[in-house]
$ cat upload_2.csv   # CSV, C-alpha atoms and all ligand atoms
chain,number,residue,atom,x,y,z
A,1,MET,CA,-25.5,5.8,8.5
A,2,LYS,CA,-25.3,8.9,6.3
A,3,LEU,CA,-24.2,8.1,2.7
A,4,THR,CA,-21.4,10.5,1.7
A,5,ASN,CA,-21.2,11.8,-1.9
A,6,PHE,CA,-18.5,10.2,-4.1
A,7,ASP,CA,-17.1,10.5,-7.6
A,8,TYR,CA,-15.5,7.2,-8.7
A,9,SER,CA,-14.1,6.2,-12.0
A,10,PRO,CA,-12.4,2.8,-12.3
A,11,ASN,CA,-9.1,3.8,-14.0
A,12,THR,CA,-7.3,0.5,-13.9
A,13,ARG,CA,-8.2,-2.6,-15.9
A,14,ILE,CA,-7.6,-5.6,-13.6
A,15,ILE,CA,-6.5,-8.9,-15.2
A,16,PHE,CA,-6.5,-11.6,-12.4
A,17,GLY,CA,-5.5,-15.2,-12.5
A,18,CYS,CA,-2.7,-17.7,-12.5
A,19,LYS,CA,-0.5,-17.4,-15.7
A,20,SER,CA,-2.1,-14.0,-16.5
A,21,ILE,CA,1.4,-12.7,-16.8
A,22,ASP,CA,1.6,-14.6,-20.1
A,23,ASP,CA,-0.6,-11.8,-21.7
A,24,ILE,CA,1.8,-9.0,-20.8
A,25,GLY,CA,3.3,-8.6,-24.3
A,26,GLU,CA,0.0,-8.5,-26.1
A,27,GLU,CA,-1.4,-6.1,-23.6
A,28,ALA,CA,1.6,-3.8,-24.0
A,29,VAL,CA,1.1,-3.8,-27.8
A,30,GLN,CA,-2.6,-3.0,-27.3
A,31,LEU,CA,-1.6,0.1,-25.3
A,32,GLY,CA,0.6,1.2,-28.2
A,33,GLY,CA,3.9,0.2,-26.7
A,34,LYS,CA,7.0,-0.2,-28.9
A,35,HIS,CA,9.8,0.8,-26.5
A,36,VAL,CA,9.2,-0.4,-22.9
A,37,LEU,CA,10.9,0.7,-19.7
A,38,LEU,CA,10.8,-2.2,-17.2
A,39,VAL,CA,11.2,-1.0,-13.6
A,40,THR,CA,12.1,-3.8,-11.1
A,41,ASP,CA,14.5,-4.9,-8.5
A,42,LYS,CA,17.3,-7.4,-8.2
A,43,GLY,CA,15.3,-9.8,-6.0
A,44,VAL,CA,12.5,-10.0,-8.6
A,45,ALA,CA,15.2,-10.6,-11.3
A,46,GLU,CA,16.8,-13.4,-9.2
A,47,ALA,CA,13.4,-15.0,-8.8
A,48,GLY,CA,13.3,-15.4,-12.6
A,49,HIS,CA,10.3,-13.1,-13.2
A,50,VAL,CA,12.2,-10.5,-15.2
A,51,LYS,CA,13.6,-13.1,-17.6
A,52,GLY,CA,10.1,-14.4,-18.3
A,53,VAL,CA,8.6,-11.0,-18.9
A,54,ILE,CA,11.4,-9.9,-21.2
A,55,ALA,CA,11.0,-13.1,-23.3
A,56,ASN,CA,7.3,-12.4,-23.5
A,57,LEU,CA,7.8,-8.8,-24.5
A,58,GLU,CA,10.4,-9.8,-27.1
A,59,SER,CA,8.1,-12.4,-28.6
A,60,CYS,CA,5.7,-9.4,-29.3
A,61,ASN,CA,8.6,-7.4,-31.0
A,62,LEU,CA,8.9,-4.9,-28.1
A,63,HIS,CA,12.2,-3.3,-27.3
A,64,THR,CA,12.8,-3.3,-23.6
A,65,VAL,CA,15.1,-1.3,-21.4
A,66,ILE,CA,15.5,-2.6,-17.8
A,67,PHE,CA,16.0,-0.6,-14.7
A,68,ASP,CA,16.5,-3.2,-11.9
A,69,ASP,CA,18.1,-1.0,-9.2
A,70,VAL,CA,14.9,-0.2,-7.3
A,71,ARG,CA,15.5,-0.1,-3.5
A,72,GLU,CA,13.0,-0.4,-0.7
A,73,ASN,CA,11.2,2.9,0.2
A,74,PRO,CA,12.5,4.6,-3.0
A,75,THR,CA,13.9,8.1,-2.8
A,76,THR,CA,14.2,11.0,-5.1
A,77,GLU,CA,17.7,9.7,-6.0
A,78,ASP,CA,16.3,6.3,-7.1
A,79,VAL,CA,13.7,8.0,-9.3
A,80,ASN,CA,16.4,10.2,-10.8
A,81,HIS,CA,18.6,7.1,-11.6
A,82,CYS,CA,15.6,5.5,-13.3
A,83,LEU,CA,14.9,8.7,-15.2
A,84,GLN,CA,18.5,9.0,-16.4
A,85,LEU,CA,18.2,5.6,-18.1
A,86,ALA,CA,14.7,6.2,-19.5
A,87,SER,CA,15.8,9.5,-21.0
A,88,GLU,CA,18.3,7.8,-23.2
A,89,HIS,CA,15.6,5.8,-25.0
A,90,PRO,CA,12.4,6.6,-26.9
A,91,ILE,CA,10.2,5.1,-24.1
A,92,ASP,CA,6.5,4.9,-24.8
A,93,LEU,CA,5.3,2.5,-22.2
A,94,ILE,CA,6.3,1.7,-18.6
A,95,ILE,CA,6.0,-1.6,-16.8
A,96,GLY,CA,6.4,-1.8,-13.0
A,97,LEU,CA,7.2,-5.3,-11.9
A,98,GLY,CA,7.8,-6.1,-8.2
A,99,GLY,CA,6.6,-4.8,-4.8
A,100,GLY,CA,5.2,-1.3,-4.1
A,101,SER,CA,8.8,0.2,-4.3
A,102,SER,CA,9.1,-0.9,-8.0
A,103,LEU,CA,5.6,0.4,-8.9
A,104,ASP,CA,6.2,3.7,-7.1
A,105,THR,CA,9.6,4.2,-8.7
A,106,ALA,CA,8.0,3.5,-12.1
A,107,LYS,CA,5.2,6.0,-11.4
A,108,GLY,CA,7.8,8.6,-10.2
A,109,CYS,CA,9.8,8.2,-13.3
A,110,ASN,CA,6.7,8.6,-15.4
A,111,PHE,CA,6.0,12.0,-13.7
A,112,LEU,CA,9.5,13.3,-14.4
A,113,LEU,CA,9.9,11.8,-17.9
A,114,THR,CA,6.7,13.3,-19.2
A,115,ASN,CA,6.3,16.5,-17.1
A,116,GLY,CA,9.9,17.4,-16.1
A,117,GLY,CA,10.9,19.0,-12.8
A,118,GLU,CA,11.4,17.2,-9.5
A,119,MET,CA,9.2,14.9,-7.4
A,120,LYS,CA,8.4,17.6,-4.9
A,121,ASP,CA,6.7,19.5,-7.7
A,122,TYR,CA,4.0,16.7,-7.7
A,123,LEU,CA,3.4,16.5,-4.0
A,124,GLY,CA,-0.4,16.4,-3.5
A,125,ILE,CA,-2.9,15.6,-6.2
A,126,GLY,CA,-3.2,16.5,-9.9
A,127,LYS,CA,0.0,18.6,-10.4
A,128,ALA,CA,1.0,17.0,-13.7
A,129,LYS,CA,-0.1,19.2,-16.6
A,130,LYS,CA,1.0,17.1,-19.6
A,131,PRO,CA,-0.2,13.6,-20.5
A,132,MET,CA,1.8,10.7,-19.0
A,133,LEU,CA,2.9,7.4,-20.5
A,134,PRO,CA,0.6,4.3,-20.2
A,135,MET,CA,1.8,2.0,-17.4
A,136,ILE,CA,1.2,-1.7,-16.7
A,137,ALA,CA,1.6,-2.7,-13.0
A,138,VAL,CA,2.6,-6.3,-12.1
A,139,PRO,CA,2.8,-6.7,-8.3
A,140,THR,CA,4.9,-9.6,-7.1
A,141,THR,CA,3.9,-8.9,-3.5
A,142,ALA,CA,0.4,-8.6,-2.0
A,143,GLY,CA,0.6,-5.5,0.0
A,144,THR,CA,0.7,-1.8,-1.1
A,145,GLY,CA,-2.1,-1.9,-3.7
A,146,SER,CA,0.0,0.6,-5.6
A,147,GLU,CA,-1.2,-1.1,-8.8
A,148,THR,CA,-4.7,0.3,-8.4
A,149,GLN,CA,-3.7,3.8,-7.2
A,150,SER,CA,-2.7,7.1,-8.7
A,151,PHE,CA,-0.1,7.8,-6.0
A,152,ALA,CA,3.7,7.4,-6.1
A,153,LEU,CA,5.2,7.4,-2.6
A,154,ILE,CA,8.7,8.7,-2.9
A,155,SER,CA,10.9,9.8,0.0
A,156,ASP,CA,13.1,12.9,-0.1
A,157,GLU,CA,16.7,11.6,-0.3
A,158,ILE,CA,17.9,14.1,2.4
A,159,THR,CA,15.0,14.5,4.8
A,160,HIS,CA,13.5,11.1,4.3
A,161,GLN,CA,10.1,12.8,4.3
A,162,LYS,CA,7.6,10.5,2.4
A,163,MET,CA,6.0,12.5,-0.4
A,164,ALA,CA,2.6,11.2,-1.7
A,165,CYS,CA,2.5,12.4,-5.4
A,166,GLY,CA,-0.9,11.6,-6.9
A,167,ASP,CA,-2.4,12.2,-10.3
A,168,SER,CA,-5.1,10.2,-12.1
A,169,LYS,CA,-2.8,10.1,-15.2
A,170,ALA,CA,-0.2,8.2,-13.1
A,171,THR,CA,-2.7,5.4,-12.4
A,172,PRO,CA,-1.7,2.2,-14.1
A,173,LYS,CA,-3.8,1.4,-17.2
A,174,ILE,CA,-3.6,-2.3,-16.4
A,175,ALA,CA,-2.8,-4.3,-13.3
A,176,ILE,CA,-1.9,-7.9,-14.0
A,177,LEU,CA,-2.5,-9.9,-10.8
A,178,ASP,CA,-0.9,-13.3,-11.2
A,179,PRO,CA,-0.9,-15.0,-7.8
A,180,GLU,CA,1.9,-17.4,-8.8
A,181,LEU,CA,4.3,-14.5,-9.0
A,182,THR,CA,3.8,-13.8,-5.3
A,183,LEU,CA,5.0,-17.4,-4.3
A,184,SER,CA,8.6,-16.2,-4.7
A,185,GLN,CA,8.3,-13.8,-1.7
A,186,PRO,CA,10.1,-15.0,1.3
A,187,LYS,CA,7.5,-15.8,4.1
A,188,LYS,CA,8.8,-12.9,6.3
A,189,VAL,CA,8.2,-10.4,3.4
A,190,ALA,CA,4.8,-12.0,2.6
A,191,ILE,CA,3.8,-11.5,6.3
A,192,CYS,CA,4.8,-7.9,6.4
A,193,THR,CA,3.1,-7.0,3.1
A,194,ALA,CA,-0.1,-8.9,4.1
A,195,ILE,CA,-0.3,-7.0,7.4
A,196,ASP,CA,0.1,-3.8,5.4
A,197,ALA,CA,-2.8,-4.8,3.1
A,198,ILE,CA,-5.0,-5.7,6.2
A,199,THR,CA,-4.1,-2.3,7.7
A,200,HIS,CA,-5.1,-0.6,4.5
A,201,ALA,CA,-8.5,-2.3,4.5
A,202,VAL,CA,-9.1,-1.4,8.2
A,203,GLU,CA,-7.9,2.2,7.9
A,204,SER,CA,-9.6,3.0,4.6
A,205,ALA,CA,-12.9,1.6,5.9
A,206,VAL,CA,-13.3,4.3,8.6
A,207,THR,CA,-11.5,7.5,7.4
A,208,THR,CA,-13.3,10.8,7.4
A,209,LYS,CA,-13.4,10.4,3.6
A,210,GLN,CA,-14.9,7.0,3.6
A,211,ASN,CA,-18.0,6.7,1.3
A,212,PRO,CA,-20.2,3.9,-0.1
A,213,ILE,CA,-17.7,2.9,-2.9
A,214,SER,CA,-14.6,3.0,-0.7
A,215,LEU,CA,-16.4,1.0,2.0
A,216,LEU,CA,-17.4,-1.6,-0.6
A,217,PHE,CA,-13.8,-2.3,-1.6
A,218,ALA,CA,-12.5,-1.9,2.0
A,219,LYS,CA,-14.9,-4.6,3.3
A,220,GLU,CA,-14.1,-7.0,0.5
A,221,ALA,CA,-10.4,-6.3,0.9
A,222,PHE,CA,-10.6,-7.1,4.7
A,223,LYS,CA,-12.5,-10.3,4.1
A,224,MET,CA,-10.1,-11.5,1.5
A,225,ALA,CA,-6.8,-10.4,3.0
A,226,GLN,CA,-7.4,-11.5,6.6
A,227,SER,CA,-8.6,-15.0,5.4
A,228,GLY,CA,-5.7,-15.3,2.9
A,229,PHE,CA,-3.2,-14.2,5.5
A,230,GLU,CA,-4.3,-16.8,8.1
A,231,SER,CA,-4.0,-19.6,5.6
A,232,MET,CA,-0.7,-18.3,4.1
A,233,VAL,CA,1.0,-18.2,7.5
A,234,SER,CA,0.5,-21.9,8.0
A,235,ASP,CA,0.9,-22.9,4.4
A,236,PRO,CA,3.0,-20.4,2.3
A,237,GLU,CA,2.6,-22.4,-0.9
A,238,ASN,CA,-1.2,-22.3,-0.8
A,239,ILE,CA,-2.1,-20.6,-4.0
A,240,ALA,CA,-5.7,-20.0,-3.0
A,241,ALA,CA,-4.4,-18.0,0.1
A,242,ARG,CA,-2.0,-16.1,-2.1
A,243,SER,CA,-4.8,-15.3,-4.5
A,244,LYS,CA,-7.0,-13.9,-1.8
A,245,LEU,CA,-4.2,-11.8,-0.4
A,246,LEU,CA,-3.3,-10.4,-3.9
A,247,LEU,CA,-6.9,-9.5,-4.7
A,248,GLY,CA,-7.4,-8.2,-1.2
A,249,ALA,CA,-4.4,-5.9,-1.5
A,250,SER,CA,-5.6,-4.5,-4.8
A,251,TYR,CA,-9.1,-3.9,-3.5
A,252,ALA,CA,-7.6,-2.1,-0.6
A,253,GLY,CA,-5.7,0.0,-3.0
A,254,ILE,CA,-8.9,1.1,-4.6
A,255,ALA,CA,-10.4,1.8,-1.2
A,256,ILE,CA,-7.4,4.0,-0.3
A,257,GLU,CA,-7.7,5.8,-3.6
A,258,ASN,CA,-11.3,6.7,-2.7
A,259,SER,CA,-10.9,7.3,1.0
A,260,MET,CA,-7.2,7.7,2.1
A,261,LEU,CA,-5.6,6.2,5.2
A,262,GLY,CA,-5.5,7.0,8.9
A,263,ALA,CA,-3.4,7.3,12.1
A,264,ALA,CA,-1.8,3.8,12.0
A,265,HIS,CA,0.1,4.9,8.9
A,266,ALA,CA,0.8,8.3,10.4
A,267,ALA,CA,2.3,6.7,13.5
A,268,ALA,CA,4.3,4.1,11.5
A,269,ASN,CA,6.0,6.4,9.0
A,270,PRO,CA,8.3,8.2,11.5
A,271,LEU,CA,9.4,4.7,12.9
A,272,THR,CA,10.4,3.7,9.4
A,273,ALA,CA,12.1,7.0,8.6
A,274,HIS,CA,14.2,7.1,11.8
A,275,TYR,CA,14.7,3.5,12.9
A,276,GLY,CA,14.4,1.6,9.6
A,277,ILE,CA,11.4,-0.5,10.9
A,278,VAL,CA,9.9,-2.2,7.9
A,279,HIS,CA,6.6,-0.6,6.8
A,280,GLY,CA,4.4,-3.6,7.4
A,281,ASN,CA,5.9,-4.3,10.8
A,282,ALA,CA,5.5,-0.6,11.8
A,283,VAL,CA,1.8,-0.3,10.7
A,284,GLY,CA,1.1,-3.8,12.2
A,285,VAL,CA,2.3,-2.8,15.7
A,286,MET,CA,0.4,0.5,15.5
A,287,LEU,CA,-2.9,-0.9,14.1
A,288,PRO,CA,-4.3,-2.5,17.4
A,289,HIS,CA,-3.7,0.8,19.3
A,290,ILE,CA,-5.2,3.0,16.6
A,291,VAL,CA,-8.3,0.7,16.3
A,292,ARG,CA,-8.8,1.0,20.1
A,293,PHE,CA,-8.3,4.7,19.9
A,294,ASN,CA,-10.9,5.0,17.1
A,295,CYS,CA,-13.4,2.9,19.1
A,296,ASP,CA,-14.7,6.1,20.7
A,297,ASP,CA,-16.0,7.2,17.3
A,298,SER,CA,-19.6,5.9,16.8
A,299,THR,CA,-19.3,5.6,12.9
A,300,SER,CA,-16.1,3.6,13.3
A,301,GLN,CA,-17.7,1.4,15.9
A,302,LYS,CA,-20.5,0.6,13.5
A,303,ILE,CA,-18.1,-0.2,10.6
A,304,TYR,CA,-15.8,-2.3,12.8
A,305,ALA,CA,-18.9,-4.3,13.8
A,306,GLU,CA,-19.8,-4.8,10.1
A,307,LEU,CA,-16.3,-5.9,9.2
A,308,VAL,CA,-16.3,-8.6,11.9
A,309,ALA,CA,-19.8,-9.6,11.0
A,310,ASP,CA,-18.7,-10.0,7.3
A,311,ILE,CA,-16.1,-12.6,8.3
A,312,GLY,CA,-18.7,-14.6,10.4
A,313,ILE,CA,-17.2,-13.8,13.8
A,314,ALA,CA,-20.1,-11.7,14.9
A,315,ASN,CA,-23.6,-11.3,13.5
A,316,GLU,CA,-26.5,-8.9,13.6
A,317,LYS,CA,-27.7,-10.3,17.0
A,318,TYR,CA,-24.5,-9.0,18.6
A,319,LYS,CA,-24.7,-5.6,20.4
A,320,THR,CA,-22.4,-3.1,18.7
A,321,ASP,CA,-20.1,-3.1,21.7
A,322,ASP,CA,-19.7,-6.8,21.7
A,323,ALA,CA,-19.1,-6.9,18.0
A,324,VAL,CA,-16.5,-4.2,18.3
A,325,ASN,CA,-14.7,-6.2,21.0
A,326,ARG,CA,-14.7,-9.2,18.7
A,327,PHE,CA,-13.2,-7.0,16.0
A,328,VAL,CA,-10.4,-5.7,18.3
A,329,GLU,CA,-9.7,-9.3,19.3
A,330,ARG,CA,-9.5,-10.4,15.7
A,331,ILE,CA,-7.0,-7.6,14.9
A,332,ASP,CA,-4.9,-8.6,17.9
A,333,TYR,CA,-5.0,-12.2,16.7
A,334,LEU,CA,-4.0,-11.3,13.1
A,335,VAL,CA,-1.1,-9.0,14.2
A,336,GLY,CA,-0.1,-11.7,16.7
A,337,LEU,CA,0.1,-14.3,13.9
A,338,ALA,CA,2.6,-12.1,12.1
A,339,GLY,CA,5.0,-12.7,15.0
A,340,PHE,CA,6.8,-9.4,14.7
A,341,SER,CA,9.9,-9.0,16.8
A,342,ASP,CA,9.7,-6.6,19.7
A,343,ILE,CA,10.3,-3.0,18.7
A,344,LYS,CA,10.6,-1.7,22.3
A,345,LEU,CA,13.2,1.0,21.8
A,346,GLY,CA,12.5,2.6,25.2
A,347,HIS,CA,16.1,2.7,26.5
A,348,ASN,CA,17.2,4.4,23.3
A,349,ILE,CA,14.5,7.1,23.1
A,350,ASN,CA,14.6,10.1,25.3
A,351,GLU,CA,11.7,12.6,25.9
A,352,ALA,CA,13.0,14.9,23.1
A,353,GLU,CA,13.0,12.1,20.6
A,354,LEU,CA,9.5,10.9,21.7
A,355,SER,CA,8.1,14.3,21.2
A,356,MET,CA,9.8,14.6,17.8
A,357,LEU,CA,8.2,11.3,16.7
A,358,ALA,CA,4.8,12.4,18.0
A,359,ASN,CA,5.0,15.7,16.3
A,360,GLU,CA,6.0,14.1,13.0
A,361,ALA,CA,3.2,11.6,13.3
A,362,SER,CA,0.7,14.3,13.9
A,363,LYS,CA,1.9,16.2,10.8
A,364,GLN,CA,1.6,13.2,8.4
A,365,TRP,CA,-0.9,13.7,5.7
A,366,THR,CA,-2.9,10.5,6.6
A,367,ALA,CA,-3.4,11.7,10.2
A,368,ASN,CA,-5.9,14.3,8.8
A,369,PHE,CA,-8.2,11.5,7.7
A,370,ASN,CA,-8.3,9.5,10.9
A,371,PRO,CA,-12.0,9.2,12.0
A,372,ARG,CA,-11.2,10.5,15.5
A,373,LYS,CA,-9.2,13.6,15.8
A,374,ILE,CA,-5.7,12.7,16.8
A,375,VAL,CA,-3.0,15.1,18.0
A,376,ALA,CA,0.7,14.9,19.0
A,377,SER,CA,-0.1,14.1,22.7
A,378,ASP,CA,-2.2,11.1,21.6
A,379,PHE,CA,0.6,9.8,19.4
A,380,ALA,CA,3.1,10.3,22.3
A,381,ARG,CA,0.8,8.2,24.6
A,382,ILE,CA,0.6,5.4,22.0
A,383,TYR,CA,4.3,5.5,21.3
A,384,ARG,CA,5.0,5.1,25.0
A,385,LYS,CA,3.0,1.9,25.0
A,386,VAL,CA,4.4,0.5,21.8
A,387,LEU,CA,8.1,1.5,22.3
A,388,GLY,CA,8.2,1.0,26.1
A,389,CYS,CA,9.5,4.4,26.9
B,1,FE,FE,0.8,0.9,4.0
$ encode --input "upload_2.csv" --output "structure tokens"
Amino acid sequence: MKLTNFDYSPNTRIIFGCKSIDDIGEEAVQLGGKHVLLVTDKGVAEAGHVKGVIANLESCNLHTVIFDDVRENPTTEDVNHCLQLASEHPIDLIIGLGGGSSLDTAKGCNFLLTNGGEMKDYLGIGKAKKPMLPMIAVPTTAGTGSETQSFALISDEITHQKMACGDSKATPKIAILDPELTLSQPKKVAICTAIDAITHAVESAVTTKQNPISLLFAKEAFKMAQSGFESMVSDPENIAARSKLLLGASYAGIAIENSMLGAAHAAANPLTAHYGIVHGNAVGVMLPHIVRFNCDDSTSQKIYAELVADIGIANEKYKTDDAVNRFVERIDYLVGLAGFSDIKLGHNINEAELSMLANEASKQWTANFNPRKIVASDFARIYRKVLGC
């Protein structure tokens, strides 16, 4: 396999382990923080995590302002509300505590607080001209990997178009990965976020931008996340399983940062935007179809065979075709374990809607990086199978 050039700089210090959250105050002080903006949501507050973090920050003499109104799939309006609060205080450090939505809202606020303008001004990569505030990311779900990425995913309030706004200055300086914090996730949420992490690993492993460093992280992410997921489904309190999932999700975040995502995400986003299907559920139902589609690409075949060999289901004695079949079976099995409810919307979707979905999917940024070229008619064919129309 040809080794592609890459330029990788690890921007996020990762602190992993049970009770690592207890170091947050000291770490914030080390980063020069005095006035902290804590961005989170009501569910995380109800789980008691906000109270614990505030007490820790206060014990280190840090002033804290709390924005706990984060909503799922944050929009430009959510970021503006957060910005309004932040602007009233001399904020010098931001903490994102929660799922990907909290971390993305925190990053979005960081863009506007330090560089002004609107989120759409930062669509793409490297549009922030001025320095940004240091950020500490504390994920309480194991899924998006936002804690190790430079991107804030913010939807336009009106059009619901998901904007990927990336800048290395927005990358969290520190990610605190405390597996115990993820125990508060309801099982259903944990399943959706885990499937998202597995999809990140599988997609980032084979994109047109994949390279030795992204593949390294994608492979380890797949190994950790799929194993942790299998154990977590039968035993949600299993801390070893939660640890593997949390680490797997963060590794997948690094893989995405270095290689982007593919067509499963491109196909999933319109389903979330138009029908409110939860992201993890949407990518999960799409993943087996996109993996089968990509099996026609010889490099993807080889990588799929390696992924399944890495988890001991195939070995080097397997012919590539056989190993790829085992990989596809494994993906079917993992998505089956999630037990997603049927999203067959066939009777509600007419031809015009189907072609609207397929067109939108083909225009998603991540579709550009799918290893096998995919166009609207391919998405339409896949949607017909998945949605039953
Ligand atoms: Fe995702």
$ closest_residue --input "upload_2.csv" --among "A:Arg326, A:Asp196, A:Ile91, A:Thr76" --to "Gly117 (chain A)" --atoms "only C-alpha atoms"
A:Thr76
$ closest_residue --input "upload_2.csv" --among "A:Gly99, A:Pro131, A:Gly32, A:Gly339" --to "ligand FE 1 (chain B)" --atoms "all atoms listed in the file"
A:Gly99
$ closest_residue --input "upload_2.csv" --among "A:Gln84, A:Ser362, A:Asn269, A:Ser101" --to "Thr140 (chain A)" --atoms "all atoms listed in the file"
A:Ser101
$ closest_residue --input "upload_2.csv" --among "A:Gln301, A:Asp332, A:Val285, A:Asp296" --to "Lys385 (chain A)" --atoms "only C-alpha atoms"
A:Val285
$ residues_near_ligand --input "upload_2.csv" --ligand "ligand FE 1 (chain B)" --cutoff "9 Å" --atoms "only C-alpha atoms and all ligand atoms" --output "MDAnalysis selection string"
chainID A and resid 143:145 193 195:197 199:200 261 264:265 268 279:280 283
$ residues_around --input "upload_2.csv" --residues "Leu133 (chain A)" --least-positions-apart "5" --cutoff "9 Å" --atoms "all atoms listed in the file" --output "PyMOL selection string"
chain A and resi 91-94+110-111+113-114+169-170
$ residues_around --input "upload_2.csv" --residues "Phe217 (chain A)" --least-positions-apart "4" --cutoff "9 Å" --atoms "all atoms listed in the file" --output "PyMOL selection string"
chain A and resi 201+205+213+221-222+248+251-255
$ residues_around --input "upload_2.csv" --residues "Thr75 (chain A)" --least-positions-apart "2" --cutoff "8 Å" --atoms "all atoms listed in the file" --output "VMD selection string"
chain A and resid 73 77 to 79 154 to 157 160
$ atom_distance --input "upload_2.csv" --atom1 "CA of Tyr333 (chain A)" --atom2 "CA of Ala249 (chain A)"
19.3 Å
$ residues_around --input "upload_2.csv" --residues "Ala175 (chain A)" --least-positions-apart "4" --cutoff "10 Å" --atoms "only C-alpha atoms" --output "PyMOL selection string"
chain A and resi 12-16+24+95-96+135-139+145-148+171+250
$ write_last_selection --input "upload_2.csv" --atoms "C-alpha atoms" --output "compact mmCIF listing (two decimals), keeping the file's coordinate frame"
# COMPACT_ATOMS: atom_id res chain seq x y z
CA THR A 12 -7.30 0.50 -13.90
CA ARG A 13 -8.20 -2.60 -15.90
CA ILE A 14 -7.60 -5.60 -13.60
CA ILE A 15 -6.50 -8.90 -15.20
CA PHE A 16 -6.50 -11.60 -12.40
CA ILE A 24 1.80 -9.00 -20.80
CA ILE A 95 6.00 -1.60 -16.80
CA GLY A 96 6.40 -1.80 -13.00
CA MET A 135 1.80 2.00 -17.40
CA ILE A 136 1.20 -1.70 -16.70
CA ALA A 137 1.60 -2.70 -13.00
CA VAL A 138 2.60 -6.30 -12.10
CA PRO A 139 2.80 -6.70 -8.30
CA GLY A 145 -2.10 -1.90 -3.70
CA SER A 146 0.00 0.60 -5.60
CA GLU A 147 -1.20 -1.10 -8.80
CA THR A 148 -4.70 0.30 -8.40
CA THR A 171 -2.70 5.40 -12.40
CA SER A 250 -5.60 -4.50 -4.80
$ closest_residue --input "upload_2.csv" --among "A:Leu85, A:Leu307, A:Ser102, A:Pro90" --to "Gly33 (chain A)" --atoms "only C-alpha atoms"
A:Pro90
$ closest_residue --input "upload_2.csv" --among "A:Ser243, A:Asn80, A:Asn11, A:Asn281" --to "Leu337 (chain A)" --atoms "all atoms listed in the file"
A:Asn281
$ residues_around --input "upload_2.csv" --residues "Ser59 (chain A)" --least-positions-apart "2" --cutoff "12 Å" --atoms "only C-alpha atoms" --output "short mmCIF file (atom, residue, chain, number, x, y, z; two decimals) with C-alpha atoms, in the coordinates of the input"
data_model
loop_
_atom_site.label_atom_id
_atom_site.label_comp_id
_atom_site.auth_asym_id
_atom_site.auth_seq_id
_atom_site.Cartn_x
_atom_site.Cartn_y
_atom_site.Cartn_z
CA ASP A 22 1.60 -14.60 -20.10
CA ASP A 23 -0.60 -11.80 -21.70
CA ILE A 24 1.80 -9.00 -20.80
CA GLY A 25 3.30 -8.60 -24.30
CA GLU A 26 0.00 -8.50 -26.10
CA ALA A 28 1.60 -3.80 -24.00
CA VAL A 29 1.10 -3.80 -27.80
CA GLY A 52 10.10 -14.40 -18.30
CA VAL A 53 8.60 -11.00 -18.90
CA ILE A 54 11.40 -9.90 -21.20
CA ALA A 55 11.00 -13.10 -23.30
CA ASN A 56 7.30 -12.40 -23.50
CA LEU A 57 7.80 -8.80 -24.50
CA ASN A 61 8.60 -7.40 -31.00
CA LEU A 62 8.90 -4.90 -28.10
CA HIS A 63 12.20 -3.30 -27.30
CA THR A 64 12.80 -3.30 -23.60
#
